[in-house]
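Content type PDB, C-alpha atoms, from the file query05.pdb:
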ATOM      1  CA  MET A 544      96.822  78.581  85.015  1.00  0.00           C
ATOM      2  CA  LYS A 545      99.814  80.699  86.001  1.00  0.00           C
ATOM      3  CA  LEU A 546      98.867  84.374  86.193  1.00  0.00           C
ATOM      4  CA  ALA A 547     100.578  87.655  87.027  1.00  0.00           C
ATOM      5  CA  ILE A 548      98.545  90.254  88.862  1.00  0.00           C
ATOM      6  CA  ALA A 549      99.328  93.794  89.927  1.00  0.00           C
ATOM      7  CA  ALA A 550      97.513  96.927  91.014  1.00  0.00           C
ATOM      8  CA  ASP A 551      97.995 100.559  91.793  1.00  0.00           C
ATOM      9  CA  HIS A 552      96.889 101.938  95.153  1.00  0.00           C
ATOM     10  CA  ALA A 553      93.257 102.261  93.994  1.00  0.00           C
ATOM     11  CA  GLY A 554      93.170  98.654  92.806  1.00  0.00           C
ATOM     12  CA  PHE A 555      94.970  97.218  95.829  1.00  0.00           C
ATOM     13  CA  PRO A 556      91.892  95.930  97.724  1.00  0.00           C
ATOM     14  CA  LEU A 557      90.510  94.203  94.613  1.00  0.00           C
ATOM     15  CA  LYS A 558      93.928  92.730  93.792  1.00  0.00           C
ATOM     16  CA  GLU A 559      94.188  91.275  97.282  1.00  0.00           C
ATOM     17  CA  HIS A 560      90.724  89.748  96.891  1.00  0.00           C
ATOM     18  CA  LEU A 561      91.559  88.289  93.473  1.00  0.00           C
ATOM     19  CA  VAL A 562      94.876  86.802  94.600  1.00  0.00           C
ATOM     20  CA  GLU A 563      93.051  84.910  97.347  1.00  0.00           C
ATOM     21  CA  TYR A 564      90.190  83.918  95.028  1.00  0.00           C
ATOM     22  CA  LEU A 565      92.450  82.694  92.236  1.00  0.00           C
ATOM     23  CA  ARG A 566      94.712  80.719  94.551  1.00  0.00           C
ATOM     24  CA  GLY A 567      91.600  79.178  96.066  1.00  0.00           C
ATOM     25  CA  GLN A 568      90.619  78.062  92.552  1.00  0.00           C
ATOM     26  CA  GLY A 569      93.988  76.304  92.193  1.00  0.00           C
ATOM     27  CA  HIS A 570      95.739  78.868  90.000  1.00  0.00           C
ATOM     28  CA  GLU A 571      99.347  79.858  90.508  1.00  0.00           C
ATOM     29  CA  VAL A 572      99.414  83.621  91.058  1.00  0.00           C
ATOM     30  CA  VAL A 573     102.475  85.839  90.818  1.00  0.00           C
ATOM     31  CA  ASP A 574     101.583  88.905  92.888  1.00  0.00           C
ATOM     32  CA  LEU A 575     103.619  91.851  91.595  1.00  0.00           C
ATOM     33  CA  GLY A 576     102.259  94.402  94.054  1.00  0.00           C
ATOM     34  CA  VAL A 577     101.483  96.946  95.211  1.00  0.00           C
ATOM     35  CA  ASP A 578     101.617  95.848  98.808  1.00  0.00           C
ATOM     36  CA  THR A 579      99.589  98.698 100.294  1.00  0.00           C
ATOM     37  CA  ASP A 580      97.021 101.260  99.280  1.00  0.00           C
ATOM     38  CA  ALA A 581      98.663 103.830 101.550  1.00  0.00           C
ATOM     39  CA  VAL A 582     101.284 104.918  99.008  1.00  0.00           C
ATOM     40  CA  PRO A 583     100.308 106.198  95.541  1.00  0.00           C
ATOM     41  CA  ALA A 584     101.575 104.033  92.677  1.00  0.00           C
ATOM     42  CA  ASP A 585     101.954 104.980  89.016  1.00  0.00           C
ATOM     43  CA  TYR A 586      99.947 102.876  86.576  1.00  0.00           C
ATOM     44  CA  PRO A 587     102.604 102.694  83.806  1.00  0.00           C
ATOM     45  CA  ASP A 588     104.942 100.915  86.227  1.00  0.00           C
ATOM     46  CA  ILE A 589     102.237  98.411  87.157  1.00  0.00           C
ATOM     47  CA  ALA A 590     101.372  97.712  83.523  1.00  0.00           C
ATOM     48  CA  GLU A 591     105.012  97.095  82.648  1.00  0.00           C
ATOM     49  CA  LEU A 592     105.521  94.646  85.515  1.00  0.00           C
ATOM     50  CA  VAL A 593     102.673  92.422  84.358  1.00  0.00           C
ATOM     51  CA  ALA A 594     103.539  92.782  80.672  1.00  0.00           C
ATOM     52  CA  ALA A 595     107.134  91.678  81.269  1.00  0.00           C
ATOM     53  CA  LYS A 596     105.961  88.444  82.894  1.00  0.00           C
ATOM     54  CA  VAL A 597     103.525  87.702  80.068  1.00  0.00           C
ATOM     55  CA  LEU A 598     106.106  88.444  77.383  1.00  0.00           C
ATOM     56  CA  ASP A 599     108.898  86.389  78.948  1.00  0.00           C
ATOM     57  CA  GLY A 600     106.533  83.413  79.196  1.00  0.00           C
ATOM     58  CA  SER A 601     106.790  83.027  82.955  1.00  0.00           C
ATOM     59  CA  VAL A 602     102.989  83.423  83.153  1.00  0.00           C
ATOM     60  CA  GLU A 603     100.242  82.643  80.672  1.00  0.00           C
ATOM     61  CA  ARG A 604      98.177  85.793  81.215  1.00  0.00           C
ATOM     62  CA  GLY A 605      98.053  88.951  83.276  1.00  0.00           C
ATOM     63  CA  ILE A 606      95.498  90.824  85.344  1.00  0.00           C
ATOM     64  CA  LEU A 607      95.646  94.516  86.259  1.00  0.00           C
ATOM     65  CA  ALA A 608      93.482  96.142  88.929  1.00  0.00           C
ATOM     66  CA  TYR A 609      93.302  99.907  88.754  1.00  0.00           C
ATOM     67  CA  GLY A 610      90.860 102.627  89.780  1.00  0.00           C
ATOM     68  CA  SER A 611      89.030 103.028  86.471  1.00  0.00           C
ATOM     69  CA  GLY A 612      91.061 100.656  84.335  1.00  0.00           C
ATOM     70  CA  VAL A 613      91.631 103.227  81.613  1.00  0.00           C
ATOM     71  CA  GLY A 614      95.168 104.467  82.238  1.00  0.00           C
ATOM     72  CA  VAL A 615      96.702 101.102  82.963  1.00  0.00           C
ATOM     73  CA  SER A 616      95.049  99.611  79.878  1.00  0.00           C
ATOM     74  CA  VAL A 617      96.446 102.415  77.705  1.00  0.00           C
ATOM     75  CA  ALA A 618      99.922 101.878  79.181  1.00  0.00           C
ATOM     76  CA  ALA A 619      99.815  98.096  78.756  1.00  0.00           C
ATOM     77  CA  ASN A 620      98.815  98.404  75.110  1.00  0.00           C
ATOM     78  CA  LYS A 621     101.913 100.488  74.372  1.00  0.00           C
ATOM     79  CA  ILE A 622     104.020  97.374  74.974  1.00  0.00           C
ATOM     80  CA  PRO A 623     104.422  95.309  71.781  1.00  0.00           C
ATOM     81  CA  GLY A 624     102.923  91.859  72.217  1.00  0.00           C
ATOM     82  CA  ILE A 625     100.485  92.897  74.935  1.00  0.00           C
ATOM     83  CA  TYR A 626      96.815  92.897  74.057  1.00  0.00           C
ATOM     84  CA  CYS A 627      94.892  94.373  76.968  1.00  0.00           C
ATOM     85  CA  ALA A 628      91.311  95.476  77.458  1.00  0.00           C
ATOM     86  CA  ILE A 629      89.166  96.797  80.254  1.00  0.00           C
ATOM     87  CA  THR A 630      86.700  94.082  81.139  1.00  0.00           C
ATOM     88  CA  HIS A 631      83.672  95.059  83.158  1.00  0.00           C
ATOM     89  CA  ASP A 632      81.374  92.372  81.749  1.00  0.00           C
ATOM     90  CA  THR A 633      81.857  88.630  81.312  1.00  0.00           C
ATOM     91  CA  TYR A 634      81.188  88.666  77.567  1.00  0.00           C
ATOM     92  CA  SER A 635      84.149  90.986  76.944  1.00  0.00           C
ATOM     93  CA  ALA A 636      86.309  89.006  79.370  1.00  0.00           C
ATOM     94  CA  HIS A 637      86.023  85.811  77.327  1.00  0.00           C
ATOM     95  CA  GLN A 638      85.398  87.261  73.864  1.00  0.00           C
ATOM     96  CA  GLY A 639      88.576  89.359  74.080  1.00  0.00           C
ATOM     97  CA  VAL A 640      90.570  86.145  74.374  1.00  0.00           C
ATOM     98  CA  GLU A 641      88.511  84.079  71.929  1.00  0.00           C
ATOM     99  CA  HIS A 642      88.472  86.626  69.081  1.00  0.00           C
ATOM    100  CA  ASP A 643      91.262  89.104  69.826  1.00  0.00           C
ATOM    101  CA  LYS A 644      93.957  87.113  71.683  1.00  0.00           C
ATOM    102  CA  MET A 645      93.745  89.356  74.736  1.00  0.00           C
ATOM    103  CA  ASN A 646      96.538  88.289  77.093  1.00  0.00           C
ATOM    104  CA  VAL A 647      96.074  90.909  79.822  1.00  0.00           C
ATOM    105  CA  MET A 648      92.791  91.971  81.341  1.00  0.00           C
ATOM    106  CA  CYS A 649      92.203  95.132  83.297  1.00  0.00           C
ATOM    107  CA  ILE A 650      89.492  95.595  85.892  1.00  0.00           C
ATOM    108  CA  GLY A 651      88.449  98.988  87.203  1.00  0.00           C
ATOM    109  CA  ALA A 652      88.354  98.463  90.955  1.00  0.00           C
ATOM    110  CA  ARG A 653      86.194 101.561  91.439  1.00  0.00           C
ATOM    111  CA  VAL A 654      83.732 100.211  88.874  1.00  0.00           C
ATOM    112  CA  VAL A 655      83.512  96.480  89.617  1.00  0.00           C
ATOM    113  CA  GLY A 656      82.912  94.755  92.926  1.00  0.00           C
ATOM    114  CA  PRO A 657      84.512  91.533  94.145  1.00  0.00           C
ATOM    115  CA  ALA A 658      81.736  89.138  93.074  1.00  0.00           C
ATOM    116  CA  LEU A 659      81.680  90.408  89.496  1.00  0.00           C
ATOM    117  CA  ALA A 660      85.502  90.472  89.444  1.00  0.00           C
ATOM    118  CA  ASN A 661      85.467  86.746  90.279  1.00  0.00           C
ATOM    119  CA  ASP A 662      83.175  86.098  87.314  1.00  0.00           C
ATOM    120  CA  LEU A 663      85.356  88.235  85.047  1.00  0.00           C
ATOM    121  CA  VAL A 664      88.586  86.434  85.865  1.00  0.00           C
ATOM    122  CA  ASP A 665      86.843  83.062  85.522  1.00  0.00           C
ATOM    123  CA  ALA A 666      85.625  83.989  82.032  1.00  0.00           C
ATOM    124  CA  PHE A 667      89.078  85.314  81.070  1.00  0.00           C
ATOM    125  CA  ILE A 668      90.919  82.231  82.311  1.00  0.00           C
ATOM    126  CA  LYS A 669      88.570  79.679  80.743  1.00  0.00           C
ATOM    127  CA  ALA A 670      88.620  81.339  77.320  1.00  0.00           C
ATOM    128  CA  GLN A 671      90.902  80.203  74.495  1.00  0.00           C
ATOM    129  CA  PHE A 672      91.627  81.816  71.129  1.00  0.00           C
ATOM    130  CA  THR A 673      89.342  80.188  68.557  1.00  0.00           C
ATOM    131  CA  ASN A 674      91.842  80.031  65.677  1.00  0.00           C
ATOM    132  CA  GLU A 675      88.951  80.680  63.300  1.00  0.00           C
ATOM    133  CA  GLU A 676      90.223  82.082  60.010  1.00  0.00           C
ATOM    134  CA  ARG A 677      88.552  85.461  60.446  1.00  0.00           C
ATOM    135  CA  HIS A 678      90.043  85.935  63.916  1.00  0.00           C
ATOM    136  CA  VAL A 679      93.492  84.791  62.821  1.00  0.00           C
ATOM    137  CA  ARG A 680      93.310  87.180  59.853  1.00  0.00           C
ATOM    138  CA  ARG A 681      92.215  90.127  61.983  1.00  0.00           C
ATOM    139  CA  PHE A 682      94.788  89.448  64.674  1.00  0.00           C
ATOM    140  CA  GLY A 683      97.452  89.287  61.962  1.00  0.00           C
ATOM    141  CA  LYS A 684      96.377  92.756  60.860  1.00  0.00           C
ATOM    142  CA  VAL A 685      96.704  94.018  64.434  1.00  0.00           C
ATOM    143  CA  GLN A 686     100.227  92.624  64.580  1.00  0.00           C
ATOM    144  CA  THR A 687     101.071  94.236  61.234  1.00  0.00           C
ATOM    145  CA  ILE A 688      99.944  97.626  62.561  1.00  0.00           C
ATOM    146  CA  GLU A 689     101.928  97.054  65.738  1.00  0.00           C
ATOM    147  CA  GLN A 690     105.080  96.213  63.757  1.00  0.00           C
ATOM    148  CA  ARG A 691     104.655  99.144  61.380  1.00  0.00           C
ATOM    149  CA  TYR A 692     104.588 101.658  64.223  1.00  0.00           C
ATOM    150  CA  GLN A 693     107.150  99.825  66.302  1.00  0.00           C
ATOM    151  CA  ASN A 694     109.647 100.174  63.466  1.00  0.00           C
ATOM    152  CA  SER A 695     108.951 103.841  62.731  1.00  0.00           C
TER     153      SER A 695
END
Would you write out, as structure tokens, the structure that this file holds?
Amino acid sequence: MKLAIAADHAGFPLKEHLVEYLRGQGHEVVDLGVDTDAVPADYPDIAELVAAKVLDGSVERGILAYGSGVGVSVAANKIPGIYCAITHDTYSAHQGVEHDKMNVMCIGARVVGPALANDLVDAFIKAQFTNEERHVRRFGKVQTIEQRYQNS
């Protein structure tokens, strides 16, 4: 799978680990930075970088590594067409894709260690939207809400 990944300064070490892990698994990874943890980075900028790649179709999904995961997830979800969640357990990592069409996952690097992060990205990547009627219906409602507020 082709993935975009980015981090702020707090998520930098986990991002570096995940880039190596994912490439080792045979995935194509577009590393959007940051390139050091020595310089503070603003999470809205990081969220937008990954979202742009997902929305333009140059990658299939995105991964964000951030201190807690909260701020970058909030920022990503402000972008129409991005469906992001903090994933600190494998059930949420796959269920968010299967039921909710999550296309960007966020991992709190100060919450999750490298071994669990590997399991999380594996669950996220392997998951596919189920296309079950109830999930399609609910996702359609999410998109309707998104459009209503996007147009106001």
Subject >> Evaluate the PyMOL selection byres ((chain A and resi 561) around 10) and report residues as a ChimeraX atom specification >> reply: /A:548,555-560,562-567,572,606,608,657-658,660-661,664
Box along x, y and z, 3 Å on every side, all listed atoms of range 651-667 of chain A inside: centre and edge lengths in Å to one decimal, as AutoDock Vina command-line options.
--center_x 85.4 --center_y 92.3 --center_z 87.6 --size_x 13.4 --size_y 24.5 --size_z 19.1
Original post:
Nearest to Asn620 in chain A among A:Ala652, A:Ala549, A:Ala594, A:Val679, with distances taken over only C-alpha atoms: which residue is it?
Top reply: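 That would be A:Ala594, the residue with the smallest distance to Asn620 in chain A.
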**OP:** Go ahead and compute the interatomic distance for CA of His570 in chain A and CA of Ser616 in chain A, in Å to one decimal.
**Re:**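 These atoms are spaced 23.1 Å apart.
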Subject >> Proximity to Gly612 in chain A - best of A:Ile650, A:Ala547, A:Val597, A:Met645, only C-alpha atoms >> reply: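 Checking each candidate against Gly612 in chain A, we get A:Ile650 as the closest.
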Original post:
In Å, how far is it from CA of Pro623 in chain A to CA of Gln686 in chain A?
Top reply: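 One can read the CA of Pro623 in chain A to CA of Gln686 in chain A distance as 8.8 Å.
Going from CA of Ile622 in chain A to CA of Lys684 in chain A covers 16.7 Å.
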Original post:
From the list A:Arg681, A:His552, A:Lys621, A:Arg691, which residue is nearest His642 in chain A when using all atoms listed in the file?
Top reply: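 Smallest distance to His642 in chain A is found for A:Arg681.
Proximity to Asp662 in chain A at 12 Å, evaluated using only C-alpha atoms and with sequence-adjacent residues fewer than 6 positions away removed, yields Leu561, Tyr564, Leu565, Thr630, His631, Asp632, Thr633, Tyr634, Ser635, Ala636, His637, Ile650, Val655, Gly656, Ile668 and Lys669 of chain A.
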Taking the file above as input, evaluate the PyMOL selection byres ((chain A and resi 617) around 12) and report the hits as a CSV table (one decimal) with C-alpha atoms, in the coordinates of the input.
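Contents of the output file expr04.csv:
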chain,number,residue,atom,x,y,z
A,586,TYR,CA,99.9,102.9,86.6
A,587,PRO,CA,102.6,102.7,83.8
A,589,ILE,CA,102.2,98.4,87.2
A,590,ALA,CA,101.4,97.7,83.5
A,591,GLU,CA,105.0,97.1,82.6
A,607,LEU,CA,95.6,94.5,86.3
A,609,TYR,CA,93.3,99.9,88.8
A,611,SER,CA,89.0,103.0,86.5
A,612,GLY,CA,91.1,100.7,84.3
A,613,VAL,CA,91.6,103.2,81.6
A,614,GLY,CA,95.2,104.5,82.2
A,615,VAL,CA,96.7,101.1,83.0
A,616,SER,CA,95.0,99.6,79.9
A,618,ALA,CA,99.9,101.9,79.2
A,619,ALA,CA,99.8,98.1,78.8
A,620,ASN,CA,98.8,98.4,75.1
A,621,LYS,CA,101.9,100.5,74.4
A,622,ILE,CA,104.0,97.4,75.0
A,625,ILE,CA,100.5,92.9,74.9
A,626,TYR,CA,96.8,92.9,74.1
A,627,CYS,CA,94.9,94.4,77.0
A,628,ALA,CA,91.3,95.5,77.5
A,629,ILE,CA,89.2,96.8,80.3
A,647,VAL,CA,96.1,90.9,79.8
A,648,MET,CA,92.8,92.0,81.3
A,649,CYS,CA,92.2,95.1,83.3
